[in-house]
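Asker: Structure file upload.tsv (TSV, C-alpha atoms) right here:
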```
chain	number	residue	atom	x	y	z
A	20	MET	CA	-2.91	-127.76	100.57
A	21	THR	CA	-5.64	-126.67	98.16
A	22	SER	CA	-4.47	-125.40	94.76
A	23	ILE	CA	-6.37	-122.59	93.10
A	24	GLY	CA	-5.82	-120.28	90.13
A	25	VAL	CA	-6.33	-116.55	89.61
A	26	ILE	CA	-7.15	-114.96	86.24
A	27	TYR	CA	-7.52	-111.19	86.02
A	28	LYS	CA	-7.58	-108.28	83.61
A	29	LYS	CA	-3.90	-107.42	83.43
A	30	GLU	CA	-4.52	-104.35	81.24
A	31	ASP	CA	-6.34	-102.62	84.10
A	32	ARG	CA	-3.78	-101.34	86.62
A	33	LEU	CA	-6.25	-101.21	89.52
A	34	ILE	CA	-7.46	-104.76	88.93
A	35	ALA	CA	-3.90	-106.03	88.42
A	36	ALA	CA	-2.77	-104.45	91.70
A	37	THR	CA	-5.82	-105.86	93.49
A	38	ALA	CA	-5.13	-109.31	92.03
A	39	GLN	CA	-1.58	-109.27	93.35
A	40	GLN	CA	-2.88	-108.44	96.82
A	41	VAL	CA	-5.49	-111.20	96.58
A	42	ILE	CA	-2.77	-113.68	95.59
A	43	LYS	CA	-0.69	-112.67	98.65
A	44	ASP	CA	-3.72	-113.06	100.91
A	45	LEU	CA	-4.52	-116.47	99.45
A	46	ARG	CA	-0.97	-117.68	100.06
A	47	ARG	CA	-1.15	-116.45	103.65
A	48	LYS	CA	-4.32	-118.49	104.08
A	49	GLY	CA	-2.45	-121.60	102.96
A	50	TYR	CA	-3.60	-121.87	99.35
A	51	LYS	CA	-1.20	-122.91	96.63
A	52	LEU	CA	-1.35	-121.04	93.31
A	53	ASN	CA	-1.31	-123.68	90.59
A	54	GLN	CA	-3.83	-123.16	87.80
A	55	LYS	CA	-3.23	-126.51	86.10
A	56	ARG	CA	-4.07	-128.45	89.26
A	57	ALA	CA	-6.54	-125.96	90.70
A	58	LYS	CA	-9.70	-127.02	92.51
A	59	PHE	CA	-11.21	-123.80	91.18
A	60	VAL	CA	-10.13	-120.53	89.55
A	61	ILE	CA	-10.94	-117.03	90.77
A	62	THR	CA	-11.46	-114.35	88.15
A	63	LEU	CA	-11.19	-110.63	88.89
A	64	GLY	CA	-12.82	-108.31	86.36
A	65	GLY	CA	-16.04	-108.23	84.41
A	66	ASP	CA	-17.70	-110.66	82.05
A	67	GLY	CA	-14.89	-110.28	79.52
A	68	THR	CA	-12.44	-111.78	82.01
A	69	ILE	CA	-14.81	-114.69	82.62
A	70	LEU	CA	-15.17	-115.31	78.88
A	71	ARG	CA	-11.39	-115.44	78.53
A	72	ALA	CA	-11.12	-117.78	81.52
A	73	ALA	CA	-13.83	-120.02	80.09
A	74	ARG	CA	-11.84	-120.53	76.89
A	75	ILE	CA	-8.58	-121.10	78.82
A	76	LEU	CA	-10.17	-123.66	81.15
A	77	HIS	CA	-12.73	-125.35	78.89
A	78	LYS	CA	-10.82	-128.63	78.48
A	79	SER	CA	-9.93	-128.95	82.16
A	80	GLY	CA	-13.40	-128.67	83.67
A	81	ILE	CA	-12.02	-126.43	86.45
A	82	PRO	CA	-14.88	-124.32	87.86
A	83	ILE	CA	-14.83	-120.52	87.97
A	84	LEU	CA	-15.62	-118.21	90.88
A	85	GLY	CA	-16.18	-114.81	89.33
A	86	ILE	CA	-15.45	-111.67	91.37
A	87	HIS	CA	-17.10	-108.54	90.02
A	88	MET	CA	-14.63	-105.72	89.43
A	89	GLY	CA	-15.90	-103.42	86.71
A	90	GLY	CA	-18.13	-103.99	83.71
A	91	LEU	CA	-21.60	-105.49	83.70
A	92	GLY	CA	-20.77	-108.53	85.80
A	93	PHE	CA	-23.71	-110.57	84.51
A	94	LEU	CA	-21.77	-113.83	84.97
A	95	THR	CA	-19.86	-112.99	88.14
A	96	GLU	CA	-20.88	-114.46	91.50
A	97	ILE	CA	-19.55	-112.21	94.27
A	98	GLU	CA	-18.04	-108.82	95.09
A	99	LEU	CA	-14.43	-108.62	96.30
A	100	SER	CA	-15.61	-107.91	99.87
A	101	GLU	CA	-17.32	-111.31	99.91
A	102	LEU	CA	-14.25	-113.36	99.00
A	103	ASN	CA	-13.27	-114.52	102.49
A	104	GLU	CA	-16.79	-115.72	103.24
A	105	ALA	CA	-16.92	-117.42	99.82
A	106	LEU	CA	-13.68	-119.30	100.51
A	107	GLU	CA	-15.13	-120.57	103.80
A	108	GLN	CA	-18.28	-121.76	102.03
A	109	ILE	CA	-16.27	-123.58	99.38
A	110	ARG	CA	-14.03	-125.17	102.02
A	111	ALA	CA	-17.18	-126.39	103.81
A	112	GLY	CA	-18.65	-127.73	100.55
A	113	LYS	CA	-21.57	-125.28	100.68
A	114	TYR	CA	-21.78	-124.50	96.98
A	115	GLN	CA	-23.26	-125.73	93.72
A	116	ILE	CA	-21.71	-126.23	90.29
A	117	GLU	CA	-23.58	-124.76	87.33
A	118	GLU	CA	-22.64	-125.94	83.85
A	119	ARG	CA	-23.05	-123.79	80.75
A	120	SER	CA	-22.96	-125.00	77.13
A	121	MET	CA	-20.17	-123.77	74.87
A	122	LEU	CA	-19.91	-123.44	71.10
A	123	GLU	CA	-17.09	-124.41	68.78
A	124	ALA	CA	-16.27	-123.71	65.16
A	125	PHE	CA	-13.96	-125.62	62.82
A	126	VAL	CA	-12.40	-123.74	59.92
A	127	ALA	CA	-9.28	-124.45	57.85
A	128	GLY	CA	-8.14	-127.14	60.26
A	129	LYS	CA	-8.49	-124.91	63.31
A	130	ARG	CA	-10.94	-125.06	66.19
A	131	ILE	CA	-12.16	-121.97	68.01
A	132	THR	CA	-14.28	-122.21	71.17
A	133	ALA	CA	-16.65	-119.70	72.77
A	134	LEU	CA	-18.90	-119.43	75.81
A	135	ASN	CA	-20.98	-116.49	74.55
A	136	ASP	CA	-20.94	-116.39	70.79
A	137	LEU	CA	-19.23	-116.92	67.47
A	138	VAL	CA	-19.65	-113.95	65.13
A	139	ILE	CA	-19.00	-113.72	61.40
A	140	SER	CA	-18.68	-110.08	60.41
A	141	LYS	CA	-16.77	-107.53	58.41
A	142	SER	CA	-13.48	-106.29	59.81
A	143	GLY	CA	-13.99	-102.78	58.44
A	144	ILE	CA	-16.23	-100.63	56.27
A	145	ALA	CA	-17.17	-102.76	53.30
A	146	ARG	CA	-20.12	-104.16	51.41
A	147	VAL	CA	-22.54	-106.59	53.00
A	148	ILE	CA	-21.54	-110.23	53.06
A	149	LYS	CA	-23.44	-113.27	51.83
A	150	LEU	CA	-23.56	-116.45	53.88
A	151	SER	CA	-25.13	-119.80	53.10
A	152	ILE	CA	-26.14	-121.97	56.05
A	153	HIS	CA	-26.64	-125.40	54.56
A	154	GLY	CA	-30.15	-126.70	55.04
A	155	VAL	CA	-31.33	-123.46	56.63
A	156	ALA	CA	-31.13	-120.32	54.47
A	157	ASP	CA	-28.93	-117.83	52.64
A	158	TYR	CA	-28.29	-114.48	54.30
A	159	ILE	CA	-27.19	-111.11	52.98
A	160	ALA	CA	-26.25	-108.98	55.98
A	161	ASP	CA	-23.45	-107.21	57.82
A	162	GLY	CA	-22.81	-110.49	59.60
A	163	MET	CA	-24.22	-113.32	61.69
A	164	VAL	CA	-24.23	-114.04	65.41
A	165	PHE	CA	-24.20	-117.69	66.52
A	166	SER	CA	-25.05	-117.53	70.19
A	167	SER	CA	-25.15	-120.00	73.06
A	168	ALA	CA	-27.77	-119.72	75.79
A	169	THR	CA	-25.25	-117.78	77.91
A	170	GLY	CA	-24.53	-115.40	75.04
A	171	SER	CA	-28.21	-114.88	74.24
A	172	THR	CA	-28.18	-111.86	76.58
A	173	ALA	CA	-25.10	-110.39	74.87
A	174	TYR	CA	-24.58	-109.45	71.20
A	175	ASN	CA	-27.49	-111.67	70.18
A	176	LEU	CA	-29.89	-109.59	72.28
A	177	SER	CA	-28.63	-106.31	70.83
A	178	VAL	CA	-29.39	-107.49	67.26
A	179	GLY	CA	-32.90	-108.61	68.16
A	180	GLY	CA	-32.38	-112.26	69.09
A	181	PRO	CA	-34.32	-114.07	71.84
A	182	ILE	CA	-33.20	-114.77	75.39
A	183	LEU	CA	-32.58	-118.44	76.22
A	184	THR	CA	-32.46	-119.75	79.78
A	185	PRO	CA	-28.96	-120.85	80.84
A	186	ASP	CA	-29.80	-124.58	80.84
A	187	SER	CA	-30.70	-124.54	77.13
A	188	GLU	CA	-28.34	-126.39	74.79
A	189	SER	CA	-29.72	-124.67	71.70
A	190	MET	CA	-28.00	-122.05	69.54
A	191	VAL	CA	-29.50	-118.83	68.22
A	192	LEU	CA	-28.75	-117.59	64.69
A	193	SER	CA	-29.27	-113.82	64.46
A	194	ALA	CA	-28.39	-111.74	61.41
A	195	ILE	CA	-26.68	-108.37	61.86
A	196	ALA	CA	-28.47	-105.67	59.83
A	197	PRO	CA	-29.97	-108.15	57.32
A	198	HIS	CA	-30.75	-107.04	53.75
A	199	LYS	CA	-34.28	-108.48	53.94
A	200	ILE	CA	-36.55	-107.00	56.61
A	201	ASN	CA	-38.40	-110.31	57.08
A	202	THR	CA	-35.23	-112.08	58.27
A	203	ARG	CA	-35.77	-113.39	61.79
A	204	PRO	CA	-33.57	-115.19	64.37
A	205	ILE	CA	-33.66	-119.00	64.38
A	206	VAL	CA	-33.11	-121.38	67.30
A	207	LEU	CA	-31.33	-124.66	66.43
A	208	LYS	CA	-29.58	-127.46	68.27
A	209	ARG	CA	-27.94	-129.45	65.49
A	210	PRO	CA	-24.50	-128.72	63.97
A	211	MET	CA	-24.46	-126.51	60.89
A	212	VAL	CA	-22.14	-125.75	58.00
A	213	VAL	CA	-21.78	-122.11	57.04
A	214	GLN	CA	-20.16	-120.99	53.79
A	215	LEU	CA	-18.95	-117.49	53.05
A	216	ILE	CA	-20.28	-116.91	49.55
A	217	ARG	CA	-19.30	-113.27	49.18
A	218	GLY	CA	-17.35	-110.87	51.35
A	219	GLN	CA	-13.96	-109.24	51.76
A	220	GLU	CA	-12.17	-108.56	55.05
A	221	VAL	CA	-14.43	-110.92	57.00
A	222	ASN	CA	-13.56	-112.44	60.38
A	223	LEU	CA	-14.82	-115.16	62.68
A	224	THR	CA	-14.64	-113.90	66.27
A	225	ALA	CA	-15.06	-115.93	69.47
A	226	ASP	CA	-16.49	-114.00	72.43
A	227	GLY	CA	-15.24	-110.75	70.90
A	228	GLN	CA	-11.66	-111.74	71.76
A	229	GLU	CA	-10.20	-114.43	69.50
A	230	VAL	CA	-10.22	-113.73	65.75
A	231	LEU	CA	-9.74	-115.84	62.61
A	232	PRO	CA	-9.84	-114.35	59.09
A	233	LEU	CA	-12.30	-115.89	56.61
A	234	PHE	CA	-12.12	-116.06	52.82
A	235	GLU	CA	-14.70	-116.40	50.07
A	236	GLY	CA	-15.77	-120.00	49.54
A	237	GLN	CA	-14.57	-121.09	52.95
A	238	LYS	CA	-16.77	-123.40	55.04
A	239	ILE	CA	-17.18	-123.18	58.80
A	240	LYS	CA	-18.71	-125.95	60.90
A	241	ILE	CA	-20.43	-124.63	64.02
A	242	GLN	CA	-21.80	-126.85	66.78
A	243	ASN	CA	-22.21	-127.32	70.51
A	244	SER	CA	-18.94	-128.23	72.18
A	245	LYS	CA	-18.61	-131.38	74.28
A	246	PHE	CA	-16.91	-129.16	76.86
A	247	LYS	CA	-18.79	-127.06	79.41
A	248	THR	CA	-17.96	-123.95	81.37
A	249	ARG	CA	-18.47	-124.68	85.08
A	250	PHE	CA	-19.34	-121.96	87.59
A	251	ILE	CA	-19.28	-122.03	91.38
A	252	ARG	CA	-22.61	-120.78	92.74
A	253	LEU	CA	-22.75	-119.86	96.41
A	254	LYS	CA	-26.26	-118.51	96.58
A	255	GLU	CA	-29.59	-119.12	94.96
A	256	TYR	CA	-29.35	-118.15	91.31
A	257	ASP	CA	-32.41	-116.56	89.73
A	258	PHE	CA	-31.69	-115.95	86.05
A	259	PHE	CA	-34.60	-113.60	85.42
A	260	ASP	CA	-33.75	-111.54	88.50
A	261	ARG	CA	-30.34	-110.97	86.93
A	262	VAL	CA	-31.92	-110.15	83.58
A	263	LYS	CA	-34.18	-107.61	85.25
A	264	GLU	CA	-31.30	-106.09	87.20
A	265	ALA	CA	-29.09	-105.82	84.11
A	266	PHE	CA	-31.63	-104.86	81.43
A	267	GLY	CA	-34.79	-103.75	83.23
A	268	PHE	CA	-36.72	-106.64	81.69
A	269	GLY	CA	-39.36	-108.57	83.64
A	270	PRO	CA	-42.22	-108.08	86.09
A	271	GLU	CA	-42.16	-105.50	88.86
A	272	ARG	CA	-41.56	-107.02	92.28
```
Before we go any further, please render this structure as structure tokens.
Answerer:
Amino acid sequence: MTSIGVIYKKEDRLIAATAQQVIKDLRRKGYKLNQKRAKFVITLGGDGTILRAARILHKSGIPILGIHMGGLGFLTEIELSELNEALEQIRAGKYQIEERSMLEAFVAGKRITALNDLVISKSGIARVIKLSIHGVADYIADGMVFSSATGSTAYNLSVGGPILTPDSESMVLSAIAPHKINTRPIVLKRPMVVQLIRGQEVNLTADGQEVLPLFEGQKIKIQNSKFKTRFIRLKEYDFFDRVKEAFGFGPER
């Protein structure tokens, strides 16, 4: 009996009700619901649900099959109506595994992991903050986005950062509303140490969901994680087709 897991957006009543029905259907098909021993995990929701699942599963290596139910769905693989066919494909071994790099930060003895991005920013209306990235530069800005390749199309893109292809293991550093107009995003691969030189009510946020408070003088080590997020892909994946569909960027077909 194949074990699988289901992660869904519990705050959304429609999605929660749909998830319960999906779980019943899966049990009728002979699947066992056991996330710790799962061959794969199904997510129901948008990209936010996938980001949460990625952080929950990152140490286990369990792959994710994302079902689009609301939101942008940039990372999801199928619609709900395609689930039965998808299960047959997986059972027959007709799928690929795609691995995505993750980021991690160490601060005050804690580790925080992200698939999309790690963001240092103010928690409310306050003065700009000053950050020193050792060996790189000092920044005076509203904050800083440290993005993975996967997250390069998220917050990083909205603050003017570049798009990286999903197979890249580099990170993008993009300032949020920098004080100097000649400040530009930087692409790096090596670990970095960031120090909060000045700033009150500042947080470090992982994927917009997990938050740690930061204090003046504190140092944060940011680097690529040894763990990967693994996705089940059932059809040919064209990254720039998805970029065009989501953002209208790219050549006309």
Asker: Which residues are near Gly64 in chain A? Cut-off 7 Å, all atoms listed in the file, ignore same chain within fewer than 6 positions. Put them as a list in words.
Answerer: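 My list of contacting residues is Tyr27, Lys28, Ile34, Ile86, His87, Met88 and Gly89 of chain A.
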Asker: Can you tell me, as number ranges by chain, which residues sit within 9 Å of (-16.5, -114.9, 54.7) in the file's frame, using all atoms listed in the file?
Answerer: A: 139-141, 148-150, 214-223, 232-238
Asker: Okay, now the selection with C-alpha atoms, as a PDB file, in the coordinates of the input?
Answerer:
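Just written: result.pdb:
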```
ATOM      1  CA  ILE A 139     -19.000-113.720  61.400  1.00  0.00           C
ATOM      2  CA  SER A 140     -18.680-110.080  60.410  1.00  0.00           C
ATOM      3  CA  LYS A 141     -16.770-107.530  58.410  1.00  0.00           C
ATOM      4  CA  ILE A 148     -21.540-110.230  53.060  1.00  0.00           C
ATOM      5  CA  LYS A 149     -23.440-113.270  51.830  1.00  0.00           C
ATOM      6  CA  LEU A 150     -23.560-116.450  53.880  1.00  0.00           C
ATOM      7  CA  GLN A 214     -20.160-120.990  53.790  1.00  0.00           C
ATOM      8  CA  LEU A 215     -18.950-117.490  53.050  1.00  0.00           C
ATOM      9  CA  ILE A 216     -20.280-116.910  49.550  1.00  0.00           C
ATOM     10  CA  ARG A 217     -19.300-113.270  49.180  1.00  0.00           C
ATOM     11  CA  GLY A 218     -17.350-110.870  51.350  1.00  0.00           C
ATOM     12  CA  GLN A 219     -13.960-109.240  51.760  1.00  0.00           C
ATOM     13  CA  GLU A 220     -12.170-108.560  55.050  1.00  0.00           C
ATOM     14  CA  VAL A 221     -14.430-110.920  57.000  1.00  0.00           C
ATOM     15  CA  ASN A 222     -13.560-112.440  60.380  1.00  0.00           C
ATOM     16  CA  LEU A 223     -14.820-115.160  62.680  1.00  0.00           C
ATOM     17  CA  PRO A 232      -9.840-114.350  59.090  1.00  0.00           C
ATOM     18  CA  LEU A 233     -12.300-115.890  56.610  1.00  0.00           C
ATOM     19  CA  PHE A 234     -12.120-116.060  52.820  1.00  0.00           C
ATOM     20  CA  GLU A 235     -14.700-116.400  50.070  1.00  0.00           C
ATOM     21  CA  GLY A 236     -15.770-120.000  49.540  1.00  0.00           C
ATOM     22  CA  GLN A 237     -14.570-121.090  52.950  1.00  0.00           C
ATOM     23  CA  LYS A 238     -16.770-123.400  55.040  1.00  0.00           C
TER      24      LYS A 238
END
```
Asker: Select, from A:Ser100, A:Thr172, A:Ser151, A:Ser193, the residue with the minimum atom-to-atom distance to Phe266 in chain A, counting all atoms listed in the file.
Answerer: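 For Phe266 in chain A, the nearest of the candidates is A:Thr172.
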Asker: I want to know what sits within 7 Å of Gln115 in chain A, based on all atoms listed in the file, with residues of the same chain fewer than 6 positions away left out; could you give that as a PyMOL selection string?
Answerer: chain A and resi 251-253
Asker: If we count all atoms listed in the file, what is near Phe258 in chain A at a cut-off of 10 Å, once residues fewer than 5 positions away on the same chain are taken out, given as a PyMOL selection string?
Answerer: chain A and resi 93+184-185+263-264
Asker: What separation in Å, quoted to one decimal, exists between CA of Glu123 in chain A and CA of Val206 in chain A?
Answerer: 16.4 Å
Asker: Fewer than 3 positions away in the same chain doesn't count, so skip those; otherwise give me all residues within 12 Å of Gly128 in chain A, counting only C-alpha atoms, as a count of residues only.
Answerer: 8
Asker: With all atoms listed in the file as the basis for distance, which of A:Ala173, A:Ile116, A:Ala35, A:Ile200 is at the shortest distance from Glu255 in chain A?
Answerer: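 Among the listed residues, the smallest separation from Glu255 in chain A belongs to A:Ile116.
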Asker: Go through A:Gln39, A:Thr95, A:Asn175, A:Thr248 one by one, measure the shortest atom-to-atom distance of each to Val138 in chain A using all atoms listed in the file, and give the residue with the smallest value.
Answerer: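 Closest candidate: A:Asn175.
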Asker: Find the spatial neighbours of Ser177 in chain A, counting only C-alpha atoms, within a cut-off of 12 Å - ignore same-chain residues fewer than 2 positions away - and output them as a list in words.
Answerer: Val164, Ser166, Gly170, Ser171, Thr172, Ala173, Tyr174, Asn175, Gly179, Gly180, Pro181, Ile182, Ser193, Ala194, Ile195, Ala196 and Phe266 of chain A
Asker: Using the selection just defined, write its residues with C-alpha atoms as a short mmCIF file (atom, residue, chain, number, x, y, z; two decimals), in the coordinates of the input.
Answerer:
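Final file, again37.cif:
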```
data_model
loop_
_atom_site.label_atom_id
_atom_site.label_comp_id
_atom_site.auth_asym_id
_atom_site.auth_seq_id
_atom_site.Cartn_x
_atom_site.Cartn_y
_atom_site.Cartn_z
CA VAL A 164 -24.23 -114.04 65.41
CA SER A 166 -25.05 -117.53 70.19
CA GLY A 170 -24.53 -115.40 75.04
CA SER A 171 -28.21 -114.88 74.24
CA THR A 172 -28.18 -111.86 76.58
CA ALA A 173 -25.10 -110.39 74.87
CA TYR A 174 -24.58 -109.45 71.20
CA ASN A 175 -27.49 -111.67 70.18
CA GLY A 179 -32.90 -108.61 68.16
CA GLY A 180 -32.38 -112.26 69.09
CA PRO A 181 -34.32 -114.07 71.84
CA ILE A 182 -33.20 -114.77 75.39
CA SER A 193 -29.27 -113.82 64.46
CA ALA A 194 -28.39 -111.74 61.41
CA ILE A 195 -26.68 -108.37 61.86
CA ALA A 196 -28.47 -105.67 59.83
CA PHE A 266 -31.63 -104.86 81.43
#
```
Asker: Between A:Leu63, A:Ala265, A:Ile42, A:Arg74, which is the closest to Arg130 in chain A once you count only C-alpha atoms?
Answerer: A:Arg74
Asker: May I ask for the distance between CA of Arg249 in chain A and CA of Asp226 in chain A, given in Å to one decimal place?
Answerer: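 Those two atoms sit 16.7 Å apart.
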Asker: Just checking: using only C-alpha atoms, which residue out of A:Ser167, A:Asp31, A:Val147, A:Ala156 ends up closest to Thr202 in chain A?
Answerer: A:Ala156
Asker: Between CA of Leu45 in chain A and CA of Leu33 in chain A, what is the distance in Å, rounded to a tenth?
Answerer: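 According to the coordinates, CA of Leu45 in chain A and CA of Leu33 in chain A are separated by 18.3 Å.
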Asker: Quick one: of A:Glu107, A:Glu118, A:Glu229, A:Glu98, who's nearest to Asp136 in chain A, counting only C-alpha atoms?
Answerer: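 Checking each of A:Glu107, A:Glu118, A:Glu229, A:Glu98 against Asp136 in chain A, counting only C-alpha atoms, the winner is A:Glu229.
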